[in-house]
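Okay, so here's the structure we're looking at.
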Amino acid sequence: MRIPINTDLATAVIGFTFAGVLWFGTSLPGRLSLIFPQAVLIIMCVLCTGLVIKGVAKPAEREVVIEGNPKRLFAMIAVLLIWWFGIRILGFIVATSIVFVSVTSYLAYAHGSLTRKMFATSLPIIAALITIFYLAFTYILNVDLPEGMFI
């Protein structure tokens with residue numbers, strides 16, 4: 001499907017919407033995370049404002065090609081929404097582990113390359129990615145990740 005669209009304005013609208021949802025969804029800052037979430041939202045709004053100015057002054061109308069399986073797209077959106085809400089209940093490590101393993105398996109199955117060897121190979125990679133995300137957010141960015149019921 002081909003859709004002609006001003007990509008600068010479309011991206012700005014999506015960015016402002018995302019920033020608004022995050023802004024109204026933020027609660028009181030946690031330990032040592034006073035600046036990070038608000039700084040990211042402010043930077044995001046500044047960039048979106050620049051996109052609006054560019055989109056009005058010099059429109060970049062392009063034809064956006066949407067390819068792929070819509071069923072797979074909506075499945076991934078549903079998985080991310082479930083993760084978004086499940087992370088508060090299960091905690092970052094458990095919820096993210098479930099989602100990463102599920103998404104990797106689903107996409108490999110859809111591509112036709114899901115084997116036991118591929119699954120076994122992907123587990124240490126997934127564990128390393130989750131560990132890197134956890135350490136980066138916890139120790140470098142000083143952002144407390146949800147602990148939930150488990151970890």
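Ligands are numbered from 1 in the order shown, chains are lettered A, B, ... in the order of the structure tokens, and residues start at 1 in each chain.
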
- Check chain A with DSSP on the backbone and list each residue it calls strand (DSSP E), as a list in words.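 Result set for chain A (strand (DSSP E)): Arg2, Ile3, Pro4, Ile5, Asn6, Glu61, Arg62, Glu63, Val64 and Val65 of chain A.
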
- Message: Which residues are near stretch 74-87 of chain A? Cut-off 7 Å, only C-alpha atoms, ignore same chain within fewer than 4 positions. Put them as JSON, numbers by chain.
- Response: {"A": [70, 91, 92, 95, 99, 146, 148]}

Generate a file of the selected residues that holds C-alpha atoms, formatted as a compact mmCIF listing (two decimals), in the first residue's frame.
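Writing the result to again_13.txt gives the following:
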```txt
# COMPACT_ATOMS: atom_id res chain seq x y z
CA PRO A 70 -0.75 -6.61 8.83
CA GLY A 91 8.93 -6.52 36.85
CA PHE A 92 11.38 -5.45 34.16
CA ALA A 95 8.38 -9.23 31.60
CA VAL A 99 8.54 -10.61 25.54
CA PRO A 146 9.90 -1.65 37.85
CA GLY A 148 7.01 -6.06 40.15
```

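Residues in contact range of stretch 115-130 of chain A, defined as at most 10 Å between only C-alpha atoms, with sequence neighbours fewer than 2 positions away removed, read A:Phe92, A:Ile93, A:Val94, A:Thr96, A:Ser97, A:Phe100, A:Val101, A:Thr104, A:Ser105, A:Ala108, A:Tyr109, A:Gly112, A:Ser113, A:Ile132, A:Phe133, A:Tyr134, A:Leu135, A:Ala136.
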
- A:Leu9 surroundings by only C-alpha atoms, 10 Å radius, close-in-sequence under 4 positions cut, as a list in words: Ile5, Val13, Ile14, Gly15, Cys48, Thr49, Gly50, Leu51, Val52, Ile53, Lys54, Gly55, Val56, Pro59, Ala60 and Glu61 of chain A

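Note that the spacing between atom CA of A:Asn69 and atom CA of A:Thr11 amounts to 22.3 Å.
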
Taking the DSSP assignment computed from this structure's backbone, write out as a compact mmCIF listing (two decimals) with C-alpha atoms, in the first residue's frame all residues of chain A that belong to alpha helix (DSSP H).
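File written: out06.txt
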```
# COMPACT_ATOMS: atom_id res chain seq x y z
CA THR A 7 6.55 12.73 6.68
CA ASP A 8 7.90 15.63 8.75
CA LEU A 9 4.45 16.63 10.01
CA ALA A 10 3.37 13.02 10.49
CA THR A 11 6.48 12.27 12.55
CA ALA A 12 5.96 15.43 14.61
CA VAL A 13 2.35 14.50 15.37
CA ILE A 14 3.37 10.99 16.41
CA GLY A 15 6.22 12.40 18.52
CA PHE A 16 4.01 14.96 20.27
CA THR A 17 1.38 12.30 20.92
CA PHE A 18 3.96 9.93 22.34
CA ALA A 19 5.49 12.68 24.48
CA GLY A 20 2.05 13.68 25.75
CA VAL A 21 1.17 10.13 26.72
CA LEU A 22 4.50 9.76 28.51
CA TRP A 23 4.20 13.16 30.18
CA PHE A 24 0.76 12.45 31.62
CA GLY A 25 1.79 8.91 32.48
CA PHE A 36 16.12 11.92 33.07
CA PRO A 37 12.44 11.39 32.09
CA GLN A 38 11.60 15.09 31.91
CA ALA A 39 14.80 15.89 29.98
CA VAL A 40 14.02 13.24 27.37
CA LEU A 41 10.46 14.56 26.98
CA ILE A 42 11.67 18.16 26.59
CA ILE A 43 14.27 17.13 23.98
CA MET A 44 11.58 15.14 22.18
CA CYS A 45 9.23 18.15 22.10
CA VAL A 46 12.01 20.44 20.83
CA LEU A 47 12.81 17.99 18.01
CA CYS A 48 9.11 17.64 17.12
CA THR A 49 8.76 21.44 17.03
CA GLY A 50 11.68 21.55 14.60
CA LEU A 51 9.94 18.95 12.45
CA VAL A 52 6.74 21.02 12.40
CA ILE A 53 8.67 24.11 11.32
CA LYS A 54 10.48 22.15 8.59
CA GLY A 55 7.26 20.42 7.52
CA VAL A 56 5.49 23.76 7.05
CA ALA A 57 8.42 25.72 5.58
CA PRO A 70 -0.75 -6.61 8.83
CA LYS A 71 -1.56 -9.53 11.16
CA ARG A 72 2.10 -9.64 12.25
CA LEU A 73 2.17 -5.86 12.72
CA PHE A 74 -0.89 -5.87 14.97
CA ALA A 75 0.46 -8.88 16.87
CA MET A 76 3.66 -6.97 17.64
CA ILE A 77 1.70 -3.89 18.72
CA ALA A 78 -0.41 -6.09 21.02
CA VAL A 79 2.71 -7.72 22.50
CA LEU A 80 4.27 -4.31 23.21
CA LEU A 81 1.08 -3.08 24.87
CA ILE A 82 0.91 -6.22 27.01
CA TRP A 83 4.57 -5.69 27.96
CA TRP A 84 3.87 -2.03 28.79
CA PHE A 85 1.20 -3.02 31.32
CA GLY A 86 2.80 -6.30 32.40
CA ILE A 87 6.12 -4.75 33.36
CA ARG A 88 4.51 -3.16 36.42
CA ILE A 89 3.16 -6.50 37.61
CA LEU A 90 5.97 -8.89 36.68
CA PHE A 92 11.38 -5.45 34.16
CA ILE A 93 13.52 -8.56 33.97
CA VAL A 94 10.73 -11.14 33.94
CA ALA A 95 8.38 -9.23 31.60
CA THR A 96 11.16 -8.28 29.19
CA SER A 97 12.51 -11.84 29.13
CA ILE A 98 9.08 -13.22 28.26
CA VAL A 99 8.54 -10.61 25.54
CA PHE A 100 12.00 -10.95 23.98
CA VAL A 101 11.78 -14.75 23.83
CA SER A 102 8.20 -14.61 22.50
CA VAL A 103 8.90 -12.01 19.83
CA THR A 104 12.11 -13.70 18.69
CA SER A 105 10.37 -17.08 18.46
CA TYR A 106 7.29 -15.67 16.72
CA LEU A 107 9.26 -13.75 14.11
CA ALA A 108 11.59 -16.69 13.45
CA TYR A 109 8.56 -18.98 13.10
CA ALA A 110 6.88 -16.51 10.73
CA HIS A 111 10.08 -16.35 8.68
CA ARG A 116 15.93 -25.71 18.35
CA LYS A 117 19.47 -24.57 17.55
CA MET A 118 18.29 -21.04 16.69
CA PHE A 119 16.20 -20.91 19.86
CA ALA A 120 19.12 -22.12 22.00
CA THR A 121 21.43 -19.60 20.34
CA SER A 122 19.03 -16.72 20.89
CA LEU A 123 18.64 -17.26 24.66
CA PRO A 124 22.14 -16.07 25.70
CA ILE A 125 21.86 -13.13 23.29
CA ILE A 126 18.50 -12.15 24.81
CA ALA A 127 19.94 -12.51 28.32
CA ALA A 128 22.90 -10.29 27.39
CA LEU A 129 20.62 -7.62 25.86
CA ILE A 130 18.35 -7.52 28.91
CA THR A 131 21.37 -7.34 31.22
CA ILE A 132 22.85 -4.46 29.21
CA PHE A 133 19.54 -2.57 29.27
CA TYR A 134 19.13 -3.18 32.99
CA LEU A 135 22.67 -2.06 33.85
```
